[in-house]
$ cat model-v8.cif   # mmCIF, C-alpha atoms
data_protein
#
loop_
_atom_site.group_PDB
_atom_site.id
_atom_site.type_symbol
_atom_site.label_atom_id
_atom_site.label_comp_id
_atom_site.auth_asym_id
_atom_site.auth_seq_id
_atom_site.Cartn_x
_atom_site.Cartn_y
_atom_site.Cartn_z
ATOM 1 C CA MET U 1 0.000 0.000 0.000
ATOM 2 C CA THR U 2 1.671 3.202 -1.183
ATOM 3 C CA GLY U 3 2.722 5.625 1.555
ATOM 4 C CA THR U 4 1.432 3.468 4.391
ATOM 5 C CA ARG U 5 3.230 2.079 7.418
ATOM 6 C CA ARG U 6 2.026 -1.185 8.912
ATOM 7 C CA LEU U 7 2.036 -1.012 12.710
ATOM 8 C CA GLY U 8 1.644 -4.514 14.026
ATOM 9 C CA PHE U 9 -0.929 -7.103 13.006
ATOM 10 C CA GLY U 10 -4.210 -5.361 12.335
ATOM 11 C CA ARG U 11 -3.278 -1.671 12.170
ATOM 12 C CA LEU U 12 -2.591 0.498 9.152
ATOM 13 C CA ARG U 13 -1.606 4.114 9.696
ATOM 14 C CA GLN U 14 -0.598 6.884 7.352
ATOM 15 C CA SER U 15 2.492 8.923 8.155
ATOM 16 C CA PRO U 16 1.494 12.265 9.775
ATOM 17 C CA ALA U 17 1.094 15.154 7.345
ATOM 18 C CA ARG U 18 2.013 18.710 8.359
ATOM 19 C CA GLY U 19 -0.874 21.103 8.742
ATOM 20 C CA ARG U 20 -3.467 18.372 8.370
ATOM 21 C CA ARG U 21 -6.885 19.447 9.594
ATOM 22 C CA ALA U 22 -8.424 17.937 12.694
ATOM 23 C CA HIS U 23 -9.455 14.332 12.264
ATOM 24 C CA LYS U 24 -13.032 13.458 11.422
ATOM 25 C CA THR U 25 -13.349 10.088 13.102
ATOM 26 C CA ALA U 26 -15.546 7.201 11.962
ATOM 27 C CA PHE U 27 -16.294 3.707 13.210
ATOM 28 C CA VAL U 28 -16.941 1.125 10.480
ATOM 29 C CA LEU U 29 -18.496 -2.154 11.615
ATOM 30 C CA ALA U 30 -18.301 -5.046 9.170
ATOM 31 C CA GLY U 31 -20.644 -7.974 8.695
ATOM 32 C CA GLY U 32 -19.848 -11.484 9.889
ATOM 33 C CA GLY U 33 -22.841 -13.311 11.361
ATOM 34 C CA THR U 34 -22.494 -14.714 14.880
ATOM 35 C CA ARG U 35 -18.881 -13.551 14.895
ATOM 36 C CA GLY U 36 -20.377 -10.104 15.487
ATOM 37 C CA ALA U 37 -20.018 -10.738 19.230
ATOM 38 C CA VAL U 38 -16.356 -9.765 18.907
ATOM 39 C CA GLN U 39 -17.395 -6.214 17.960
ATOM 40 C CA VAL U 40 -19.173 -5.850 21.295
ATOM 41 C CA GLY U 41 -15.895 -6.225 23.159
ATOM 42 C CA MET U 42 -14.191 -3.836 20.757
ATOM 43 C CA LEU U 43 -16.865 -1.188 21.264
ATOM 44 C CA ALA U 44 -16.795 -1.618 25.042
ATOM 45 C CA GLU U 45 -13.029 -1.090 25.130
ATOM 46 C CA LEU U 46 -13.239 1.957 22.854
ATOM 47 C CA VAL U 47 -15.916 3.466 25.110
ATOM 48 C CA GLN U 48 -13.729 2.746 28.134
ATOM 49 C CA ARG U 49 -10.908 4.670 26.450
ATOM 50 C CA GLU U 50 -13.273 7.547 25.608
ATOM 51 C CA ILE U 51 -12.632 7.139 21.871
ATOM 52 C CA ARG U 52 -15.768 8.397 20.172
ATOM 53 C CA PRO U 53 -16.524 8.815 16.464
ATOM 54 C CA ASP U 54 -18.276 11.596 14.603
ATOM 55 C CA ARG U 55 -20.256 9.007 12.635
ATOM 56 C CA VAL U 56 -20.841 5.240 12.651
ATOM 57 C CA TYR U 57 -21.341 2.970 9.633
ATOM 58 C CA GLY U 58 -22.562 -0.627 9.728
ATOM 59 C CA ALA U 59 -23.240 -3.562 7.440
ATOM 60 C CA SER U 60 -25.226 -6.693 8.298
ATOM 61 C CA VAL U 61 -24.472 -7.759 11.894
ATOM 62 C CA GLY U 62 -22.254 -4.670 12.030
ATOM 63 C CA ALA U 63 -25.434 -2.653 11.507
ATOM 64 C CA VAL U 64 -26.987 -4.379 14.530
ATOM 65 C CA ASN U 65 -24.045 -3.494 16.767
ATOM 66 C CA ALA U 66 -23.620 -0.038 15.245
ATOM 67 C CA ALA U 67 -27.267 0.800 15.969
ATOM 68 C CA ALA U 68 -26.948 -0.281 19.590
ATOM 69 C CA TYR U 69 -23.727 1.693 20.024
ATOM 70 C CA ALA U 70 -24.937 4.847 18.260
ATOM 71 C CA GLY U 71 -28.105 4.877 20.327
ATOM 72 C CA GLU U 72 -26.311 4.532 23.666
ATOM 73 C CA PRO U 73 -22.501 5.012 23.317
ATOM 74 C CA THR U 74 -21.843 4.600 27.020
ATOM 75 C CA THR U 75 -20.471 2.017 29.415
ATOM 76 C CA ASP U 76 -24.034 1.120 30.436
ATOM 77 C CA GLY U 77 -25.062 0.858 26.805
ATOM 78 C CA MET U 78 -22.225 -1.531 26.016
ATOM 79 C CA LYS U 79 -22.984 -3.637 29.094
ATOM 80 C CA ARG U 80 -26.567 -3.895 27.889
ATOM 81 C CA LEU U 81 -25.409 -4.968 24.422
ATOM 82 C CA GLU U 82 -23.022 -7.535 25.899
ATOM 83 C CA ASP U 83 -25.775 -9.000 28.092
ATOM 84 C CA ILE U 84 -27.962 -9.456 25.007
ATOM 85 C CA TRP U 85 -25.227 -11.203 23.032
ATOM 86 C CA VAL U 86 -24.033 -13.584 25.761
ATOM 87 C CA ASN U 87 -27.599 -14.661 26.534
ATOM 88 C CA LEU U 88 -28.703 -15.252 22.939
ATOM 89 C CA ARG U 89 -29.832 -18.724 21.996
ATOM 90 C CA PRO U 90 -30.272 -19.966 18.406
ATOM 91 C CA ASP U 91 -34.071 -19.906 18.551
ATOM 92 C CA ASP U 92 -34.021 -16.263 19.699
ATOM 93 C CA VAL U 93 -32.749 -15.156 16.288
ATOM 94 C CA PHE U 94 -33.505 -18.176 14.106
ATOM 95 C CA PRO U 95 -36.942 -19.395 15.253
ATOM 96 C CA LYS U 96 -37.692 -22.984 14.313
ATOM 97 C CA ASN U 97 -40.458 -23.786 11.878
ATOM 98 C CA ARG U 98 -42.157 -27.056 11.083
ATOM 99 C CA VAL U 99 -39.343 -28.208 8.792
ATOM 100 C CA HIS U 100 -35.936 -28.947 10.321
ATOM 101 C CA GLY U 101 -32.527 -30.112 9.162
ATOM 102 C CA PRO U 102 -31.322 -29.926 5.555
ATOM 103 C CA TRP U 103 -34.898 -30.039 4.239
ATOM 104 C CA MET U 104 -35.505 -26.471 5.419
ATOM 105 C CA PHE U 105 -33.303 -25.232 2.549
ATOM 106 C CA PHE U 106 -35.682 -26.766 0.005
ATOM 107 C CA GLN U 107 -38.903 -25.155 1.178
ATOM 108 C CA GLN U 108 -41.084 -23.253 -1.256
ATOM 109 C CA ARG U 109 -40.546 -19.930 0.476
ATOM 110 C CA GLU U 110 -38.249 -16.916 0.192
ATOM 111 C CA SER U 111 -36.134 -17.622 3.264
ATOM 112 C CA VAL U 112 -35.377 -20.383 5.730
ATOM 113 C CA TYR U 113 -36.346 -18.229 8.710
ATOM 114 C CA SER U 114 -38.650 -15.319 9.368
ATOM 115 C CA ASN U 115 -37.044 -12.198 10.826
ATOM 116 C CA SER U 116 -39.474 -12.134 13.754
ATOM 117 C CA GLY U 117 -36.824 -13.342 16.195
ATOM 118 C CA LEU U 118 -34.246 -10.758 15.158
ATOM 119 C CA ARG U 119 -36.952 -8.081 15.155
ATOM 120 C CA ARG U 120 -37.825 -8.945 18.748
ATOM 121 C CA VAL U 121 -34.167 -8.805 19.797
ATOM 122 C CA LEU U 122 -33.787 -5.378 18.160
ATOM 123 C CA GLU U 123 -36.986 -3.998 19.647
ATOM 124 C CA LEU U 124 -35.897 -5.049 23.123
ATOM 125 C CA GLY U 125 -32.272 -4.027 22.696
ATOM 126 C CA LEU U 126 -32.441 -0.647 20.976
ATOM 127 C CA SER U 127 -33.186 2.403 23.072
ATOM 128 C CA ILE U 128 -34.568 4.565 20.232
ATOM 129 C CA ASP U 129 -37.161 4.283 17.471
ATOM 130 C CA ARG U 130 -35.607 6.199 14.551
ATOM 131 C CA ILE U 131 -32.099 6.411 13.123
ATOM 132 C CA GLU U 132 -32.030 10.203 13.328
ATOM 133 C CA GLU U 133 -32.503 9.945 17.110
ATOM 134 C CA THR U 134 -29.127 8.274 17.720
ATOM 135 C CA THR U 135 -26.607 10.037 19.950
ATOM 136 C CA VAL U 136 -23.891 9.452 17.332
ATOM 137 C CA PRO U 137 -24.990 9.835 13.673
ATOM 138 C CA LEU U 138 -25.555 6.412 12.131
ATOM 139 C CA GLU U 139 -25.750 4.997 8.619
ATOM 140 C CA VAL U 140 -26.392 1.373 7.691
ATOM 141 C CA VAL U 141 -26.087 -0.146 4.245
ATOM 142 C CA ALA U 142 -28.511 -2.473 2.477
ATOM 143 C CA THR U 143 -28.544 -3.942 -1.027
ATOM 144 C CA SER U 144 -31.323 -2.890 -3.401
ATOM 145 C CA LEU U 145 -33.039 -5.678 -5.285
ATOM 146 C CA LEU U 146 -34.115 -3.171 -7.936
ATOM 147 C CA ASP U 147 -30.629 -2.576 -9.325
ATOM 148 C CA GLY U 148 -28.185 -4.373 -7.001
ATOM 149 C CA SER U 149 -26.653 -1.143 -5.699
ATOM 150 C CA GLU U 150 -25.903 0.154 -2.203
ATOM 151 C CA ARG U 151 -28.661 1.899 -0.300
ATOM 152 C CA TRP U 152 -27.540 3.955 2.664
ATOM 153 C CA LEU U 153 -30.140 4.397 5.379
ATOM 154 C CA SER U 154 -29.690 7.325 7.750
ATOM 155 C CA SER U 155 -33.277 8.158 8.698
ATOM 156 C CA GLY U 156 -36.512 6.344 9.338
ATOM 157 C CA PRO U 157 -37.495 3.472 11.666
ATOM 158 C CA ILE U 158 -34.269 2.014 13.010
ATOM 159 C CA VAL U 159 -35.511 -1.567 13.399
ATOM 160 C CA GLU U 160 -36.655 -1.791 9.771
ATOM 161 C CA SER U 161 -33.375 -0.317 8.510
ATOM 162 C CA VAL U 162 -31.254 -2.739 10.536
ATOM 163 C CA LEU U 163 -33.417 -5.695 9.493
ATOM 164 C CA ALA U 164 -32.818 -4.703 5.848
ATOM 165 C CA SER U 165 -29.057 -4.419 6.343
ATOM 166 C CA ALA U 166 -28.969 -7.822 8.072
ATOM 167 C CA ALA U 167 -31.320 -9.686 5.700
ATOM 168 C CA ILE U 168 -28.928 -12.517 4.827
ATOM 169 C CA PRO U 169 -30.041 -13.898 1.445
ATOM 170 C CA GLY U 170 -31.935 -17.146 1.815
ATOM 171 C CA ILE U 171 -31.748 -17.002 5.620
ATOM 172 C CA PHE U 172 -33.921 -13.941 6.307
ATOM 173 C CA PRO U 173 -36.621 -12.435 4.092
ATOM 174 C CA THR U 174 -36.326 -9.303 1.985
ATOM 175 C CA VAL U 175 -37.248 -6.072 3.781
ATOM 176 C CA SER U 176 -39.074 -3.295 1.955
ATOM 177 C CA ILE U 177 -38.049 0.304 2.689
ATOM 178 C CA ASP U 178 -40.260 2.947 1.045
ATOM 179 C CA GLY U 179 -41.444 0.304 -1.399
ATOM 180 C CA GLU U 180 -37.932 -0.809 -2.385
ATOM 181 C CA PRO U 181 -36.991 -4.445 -1.627
ATOM 182 C CA MET U 182 -33.644 -4.774 0.137
ATOM 183 C CA ILE U 183 -31.332 -7.496 1.412
ATOM 184 C CA ASP U 184 -28.099 -7.738 3.404
ATOM 185 C CA GLY U 185 -25.755 -4.766 2.900
ATOM 186 C CA GLY U 186 -22.744 -7.058 3.188
ATOM 187 C CA VAL U 187 -23.508 -8.344 -0.290
ATOM 188 C CA VAL U 188 -22.364 -5.050 -1.840
ATOM 189 C CA ASN U 189 -20.205 -3.428 0.851
ATOM 190 C CA ASN U 190 -19.350 -5.593 3.843
ATOM 191 C CA VAL U 191 -16.626 -3.274 5.202
ATOM 192 C CA PRO U 192 -17.884 0.173 4.136
ATOM 193 C CA ILE U 193 -14.741 2.274 4.568
ATOM 194 C CA SER U 194 -15.469 3.832 1.150
ATOM 195 C CA ARG U 195 -18.614 5.458 2.543
ATOM 196 C CA ALA U 196 -16.720 6.913 5.500
ATOM 197 C CA ILE U 197 -13.995 8.290 3.220
ATOM 198 C CA ALA U 198 -16.548 9.769 0.806
ATOM 199 C CA GLN U 199 -18.057 11.676 3.714
ATOM 200 C CA GLY U 200 -14.750 13.151 4.796
ATOM 201 C CA ALA U 201 -13.463 10.795 7.488
ATOM 202 C CA THR U 202 -9.703 11.026 7.984
ATOM 203 C CA ARG U 203 -9.398 8.572 10.881
ATOM 204 C CA ILE U 204 -11.333 5.311 10.567
ATOM 205 C CA TYR U 205 -11.549 2.550 13.146
ATOM 206 C CA VAL U 206 -12.535 -0.672 11.377
ATOM 207 C CA LEU U 207 -14.177 -3.352 13.512
ATOM 208 C CA LEU U 208 -13.966 -6.663 11.665
ATOM 209 C CA CYS U 209 -15.636 -9.906 12.681
ATOM 210 C CA GLY U 210 -12.865 -12.089 11.263
ATOM 211 C CA PRO U 211 -9.243 -11.734 10.170
ATOM 212 C CA ALA U 212 -8.389 -8.858 7.832
ATOM 213 C CA HIS U 213 -6.801 -11.240 5.344
ATOM 214 C CA HIS U 214 -9.139 -13.988 4.252
ATOM 215 C CA THR U 215 -7.916 -17.439 3.289
ATOM 216 C CA PRO U 216 -10.588 -19.317 1.311
ATOM 217 C CA GLN U 217 -11.659 -22.592 2.889
ATOM 218 C CA GLN U 218 -12.734 -25.712 1.055
ATOM 219 C CA GLY U 219 -16.112 -26.615 2.509
ATOM 220 C CA ARG U 220 -16.996 -30.069 3.711
ATOM 221 C CA ARG U 221 -20.685 -29.415 3.019
ATOM 222 C CA PRO U 222 -22.419 -27.426 0.267
ATOM 223 C CA ILE U 223 -23.540 -24.669 2.655
ATOM 224 C CA GLU U 224 -19.950 -24.232 3.867
ATOM 225 C CA SER U 225 -18.750 -23.821 0.278
ATOM 226 C CA VAL U 226 -21.402 -21.162 -0.331
ATOM 227 C CA ILE U 227 -20.395 -19.247 2.815
ATOM 228 C CA SER U 228 -16.706 -19.497 1.924
ATOM 229 C CA ALA U 229 -17.366 -18.135 -1.571
ATOM 230 C CA PHE U 230 -19.378 -15.244 -0.120
ATOM 231 C CA PHE U 231 -16.634 -14.221 2.302
ATOM 232 C CA THR U 232 -13.997 -14.556 -0.423
ATOM 233 C CA SER U 233 -15.979 -12.082 -2.515
ATOM 234 C CA VAL U 234 -16.526 -9.494 0.230
ATOM 235 C CA HIS U 235 -12.907 -9.655 1.394
ATOM 236 C CA SER U 236 -11.739 -9.089 -2.167
ATOM 237 C CA ARG U 237 -13.439 -5.661 -2.198
ATOM 238 C CA PHE U 238 -11.935 -4.781 1.188
ATOM 239 C CA GLU U 239 -8.441 -5.620 -0.053
ATOM 240 C CA ARG U 240 -8.931 -3.466 -3.160
ATOM 241 C CA GLU U 241 -10.067 -0.521 -1.064
ATOM 242 C CA LEU U 242 -7.055 -0.896 1.225
ATOM 243 C CA ASP U 243 -4.786 -0.737 -1.819
ATOM 244 C CA SER U 244 -6.368 2.543 -2.948
ATOM 245 C CA LEU U 245 -6.562 4.205 0.462
ATOM 246 C CA PRO U 246 -6.088 8.013 0.165
ATOM 247 C CA SER U 247 -2.844 9.281 1.656
ATOM 248 C CA GLU U 248 -4.600 11.540 4.156
ATOM 249 C CA VAL U 249 -6.642 8.729 5.717
ATOM 250 C CA GLU U 250 -5.545 6.889 8.856
ATOM 251 C CA LEU U 251 -6.959 3.398 9.207
ATOM 252 C CA ILE U 252 -6.928 1.457 12.470
ATOM 253 C CA VAL U 253 -8.084 -2.119 11.914
ATOM 254 C CA PHE U 254 -9.234 -4.443 14.667
ATOM 255 C CA ASN U 255 -9.311 -8.067 13.578
ATOM 256 C CA GLY U 256 -11.996 -10.478 14.610
ATOM 257 C CA THR U 257 -11.358 -14.044 15.635
ATOM 258 C CA GLY U 258 -10.273 -16.780 13.292
ATOM 259 C CA ARG U 259 -12.798 -19.159 14.793
ATOM 260 C CA LEU U 260 -14.675 -21.103 12.143
ATOM 261 C CA VAL U 261 -18.383 -21.431 12.778
ATOM 262 C CA GLU U 262 -19.775 -24.709 11.509
ATOM 263 C CA ASP U 263 -23.328 -23.769 12.488
ATOM 264 C CA PHE U 264 -24.352 -20.221 11.558
ATOM 265 C CA ARG U 265 -26.904 -20.399 14.417
ATOM 266 C CA ASP U 266 -24.213 -20.979 17.051
ATOM 267 C CA PHE U 267 -23.946 -18.274 19.748
ATOM 268 C CA GLY U 268 -22.115 -20.492 22.248
ATOM 269 C CA SER U 269 -18.777 -18.704 21.915
ATOM 270 C CA SER U 270 -20.171 -15.172 22.311
ATOM 271 C CA PRO U 271 -18.682 -14.589 25.797
ATOM 272 C CA ALA U 272 -15.218 -15.638 24.622
ATOM 273 C CA MET U 273 -15.516 -13.502 21.478
ATOM 274 C CA VAL U 274 -16.524 -10.431 23.510
ATOM 275 C CA ASP U 275 -13.333 -10.902 25.541
ATOM 276 C CA ALA U 276 -11.380 -11.405 22.323
ATOM 277 C CA GLY U 277 -12.647 -8.063 21.027
ATOM 278 C CA ARG U 278 -11.479 -6.243 24.144
ATOM 279 C CA ASN U 279 -8.076 -7.889 23.923
ATOM 280 C CA GLU U 280 -7.728 -6.997 20.245
ATOM 281 C CA VAL U 281 -8.281 -3.276 20.890
ATOM 282 C CA ARG U 282 -5.752 -3.381 23.726
ATOM 283 C CA ARG U 283 -3.261 -5.230 21.555
ATOM 284 C CA VAL U 284 -3.558 -2.807 18.642
ATOM 285 C CA LEU U 285 -3.710 0.458 20.586
ATOM 286 C CA ASP U 286 -1.229 -0.496 23.306
ATOM 287 C CA GLY U 287 1.155 -2.433 21.089
ATOM 288 C CA SER U 288 0.661 -5.675 23.005
ATOM 289 C CA SER U 289 1.971 -8.857 21.380
ATOM 290 C CA GLN U 290 -1.071 -10.838 22.519
ATOM 291 C CA ARG U 291 -3.098 -12.408 19.735
ATOM 292 C CA PRO U 292 -6.826 -11.614 19.686
ATOM 293 C CA GLY U 293 -8.407 -13.340 22.660
ATOM 294 C CA GLY U 294 -6.385 -16.516 22.190
ATOM 295 C CA MET U 295 -9.059 -17.910 19.887
ATOM 296 C CA GLY U 296 -6.963 -18.405 16.805
ATOM 297 C CA GLY U 297 -5.975 -16.104 13.983
#

$ encode --input "model-v8.cif" --output "structure tokens"
Amino acid sequence: MTGTRRLGFGRLRQSPARGRRAHKTAFVLAGGGTRGAVQVGMLAELVQREIRPDRVYGASVGAVNAAAYAGEPTTDGMKRLEDIWVNLRPDDVFPKNRVHGPWMFFQQRESVYSNSGLRRVLELGLSIDRIEETTVPLEVVATSLLDGSERWLSSGPIVESVLASAAIPGIFPTVSIDGEPMIDGGVVNNVPISRAIAQGATRIYVLLCGPAHHTPQQGRRPIESVISAFFTSVHSRFERELDSLPSEVELIVFNGTGRLVEDFRDFGSSPAMVDAGRNEVRRVLDGSSQRPGGMGG
């Protein structure tokens, strides 16, 4: 990356420029399914250090965590978010229907699950009703099914907007916003640093759910191959955007865990991933040699 120094595993920083204007700080929260628990620990540690952004951007599960943070960016708010994550059970988010096992992927319906469980979690967990009511300005990204482009949502009912951003294709149903059908924002922009840069951010904290550098995995089951292909695609865009990072932008990247999730409904490791997120922020900002949470890289 031209003109960039690499400071340890997970941090990219531009050399200081003389006379540069005051930083406009952004948090960018990436998608990553149940690995999103790691972002909770990251956010909690950033709040503890009194590092606060001017704007927050989220995609998919990153939109879920970004909404909770932007609505209540305090120690109490992060404790509330952590309590939700560590107490989640699969049926809370992925409610069972009459068809179970592999047959549920062959139903004559748009998605395997309804979004009623996730809606209930959001309604109980979010302290506000509309995006424009957040303490820190928030934007979440969804994918339009009209033309396949990004749709940035910064006003309107917050639960509907987050449900649209987190509508994993085939898993959750399409969400309509102002008559436009939308699905998971991670499909088009899973790590939306480009949006933050376009809006003038010069210091960006990136909260990933997995490692910054993705190594494609050969799946043992068809669904694993599909998930691996999806993450290969979204990481490819992230790598391209890193290579074209403007010289005036400082990027601080916090890596998620390398833990592989065989069951996308599995929340069992959430407590350990929250701790891993805290440790990752400490490691990056304090220069510690500790790997993220000891959960693999």

$ resolve_selection --input "model-v8.cif" --expression "the PyMOL selection byres ((chain U and resi 119-130) around 8)" --output "PDB file with C-alpha atoms, keeping the file's coordinate frame"
ATOM      1  CA  VAL U  64     -26.987  -4.379  14.530  1.00  0.00           C
ATOM      2  CA  ALA U  67     -27.267   0.800  15.969  1.00  0.00           C
ATOM      3  CA  ALA U  68     -26.948  -0.281  19.590  1.00  0.00           C
ATOM      4  CA  GLY U  71     -28.105   4.877  20.327  1.00  0.00           C
ATOM      5  CA  GLU U  72     -26.311   4.532  23.666  1.00  0.00           C
ATOM      6  CA  ARG U  80     -26.567  -3.895  27.889  1.00  0.00           C
ATOM      7  CA  LEU U  81     -25.409  -4.968  24.422  1.00  0.00           C
ATOM      8  CA  ILE U  84     -27.962  -9.456  25.007  1.00  0.00           C
ATOM      9  CA  ASP U  92     -34.021 -16.263  19.699  1.00  0.00           C
ATOM     10  CA  VAL U  93     -32.749 -15.156  16.288  1.00  0.00           C
ATOM     11  CA  ASN U 115     -37.044 -12.198  10.826  1.00  0.00           C
ATOM     12  CA  SER U 116     -39.474 -12.134  13.754  1.00  0.00           C
ATOM     13  CA  GLY U 117     -36.824 -13.342  16.195  1.00  0.00           C
ATOM     14  CA  LEU U 118     -34.246 -10.758  15.158  1.00  0.00           C
ATOM     15  CA  ILE U 131     -32.099   6.411  13.123  1.00  0.00           C
ATOM     16  CA  GLU U 132     -32.030  10.203  13.328  1.00  0.00           C
ATOM     17  CA  GLU U 133     -32.503   9.945  17.110  1.00  0.00           C
ATOM     18  CA  THR U 134     -29.127   8.274  17.720  1.00  0.00           C
ATOM     19  CA  SER U 155     -33.277   8.158   8.698  1.00  0.00           C
ATOM     20  CA  GLY U 156     -36.512   6.344   9.338  1.00  0.00           C
ATOM     21  CA  PRO U 157     -37.495   3.472  11.666  1.00  0.00           C
ATOM     22  CA  ILE U 158     -34.269   2.014  13.010  1.00  0.00           C
ATOM     23  CA  VAL U 159     -35.511  -1.567  13.399  1.00  0.00           C
ATOM     24  CA  LEU U 163     -33.417  -5.695   9.493  1.00  0.00           C
TER      25      LEU U 163
END

$ closest_atom_pairs --input "model-v8.cif" --of "range 118-172 of chain U" --to "range 44-57 of chain U" --cutoff "9 Å" --atoms "all atoms listed in the file" --output "Markdown table"
| residue | atom | partner | partner_atom | distance |
| --- | --- | --- | --- | --- |
| U:Val136 | CA | U:Arg55 | CA | 6.0 |
| U:Pro137 | CA | U:Arg55 | CA | 4.9 |
| U:Leu138 | CA | U:Val56 | CA | 4.9 |
| U:Glu139 | CA | U:Tyr57 | CA | 5.0 |
| U:Val140 | CA | U:Tyr57 | CA | 5.6 |
| U:Val141 | CA | U:Tyr57 | CA | 7.8 |

$ resolve_selection --input "model-v8.cif" --expression "the PyMOL selection byres ((chain U and resi 144) around 9)" --output "tab-separated table (two decimals) with C-alpha atoms, in the frame of the given file"
chain	number	residue	atom	x	y	z
U	142	ALA	CA	-28.51	-2.47	2.48
U	143	THR	CA	-28.54	-3.94	-1.03
U	145	LEU	CA	-33.04	-5.68	-5.28
U	146	LEU	CA	-34.12	-3.17	-7.94
U	147	ASP	CA	-30.63	-2.58	-9.32
U	148	GLY	CA	-28.18	-4.37	-7.00
U	149	SER	CA	-26.65	-1.14	-5.70
U	150	GLU	CA	-25.90	0.15	-2.20
U	151	ARG	CA	-28.66	1.90	-0.30
U	180	GLU	CA	-37.93	-0.81	-2.38
U	181	PRO	CA	-36.99	-4.44	-1.63
U	182	MET	CA	-33.64	-4.77	0.14
U	183	ILE	CA	-31.33	-7.50	1.41
U	184	ASP	CA	-28.10	-7.74	3.40
U	185	GLY	CA	-25.76	-4.77	2.90

$ residues_around --input "model-v8.cif" --residues "range 31-40 of chain U" --least-positions-apart "2" --cutoff "7 Å" --atoms "only C-alpha atoms" --output "PyMOL selection string"
chain U and resi 29+42-44+59-62+82+85+186+190+207+209+256+264+266-267+270+273-274+276-277

$ closest_residue --input "model-v8.cif" --among "U:Thr75, U:Asp83, U:Val112, U:Ala66" --to "Pro271 in chain U" --atoms "only C-alpha atoms"
U:Asp83

$ axis_aligned_box --input "model-v8.cif" --around "range 158-176 of chain U" --padding-each-side "5 Å" --output "JSON"
{"center_x": -34.0, "center_y": -7.6, "center_z": 7.4, "size_x": 20.1, "size_y": 29.2, "size_z": 22.0}

$ closest_residue --input "model-v8.cif" --among "U:Gly41, U:Ser244, U:Gly58, U:Pro95" --to "Ala164 in chain U" --atoms "only C-alpha atoms"
U:Gly58

$ resolve_selection --input "model-v8.cif" --expression "the PyMOL selection byres ((chain U and resi 171-173) around 7)" --output "PyMOL selection string"
chain U and resi 110-115+167-170+174-175

$ atom_distance --input "model-v8.cif" --atom1 "CA of Gly210 in chain U" --atom2 "CA of Ser176 in chain U"
29.2 Å

$ atom_distance --input "model-v8.cif" --atom1 "CA of Leu153 in chain U" --atom2 "CA of Ser165 in chain U"
8.9 Å
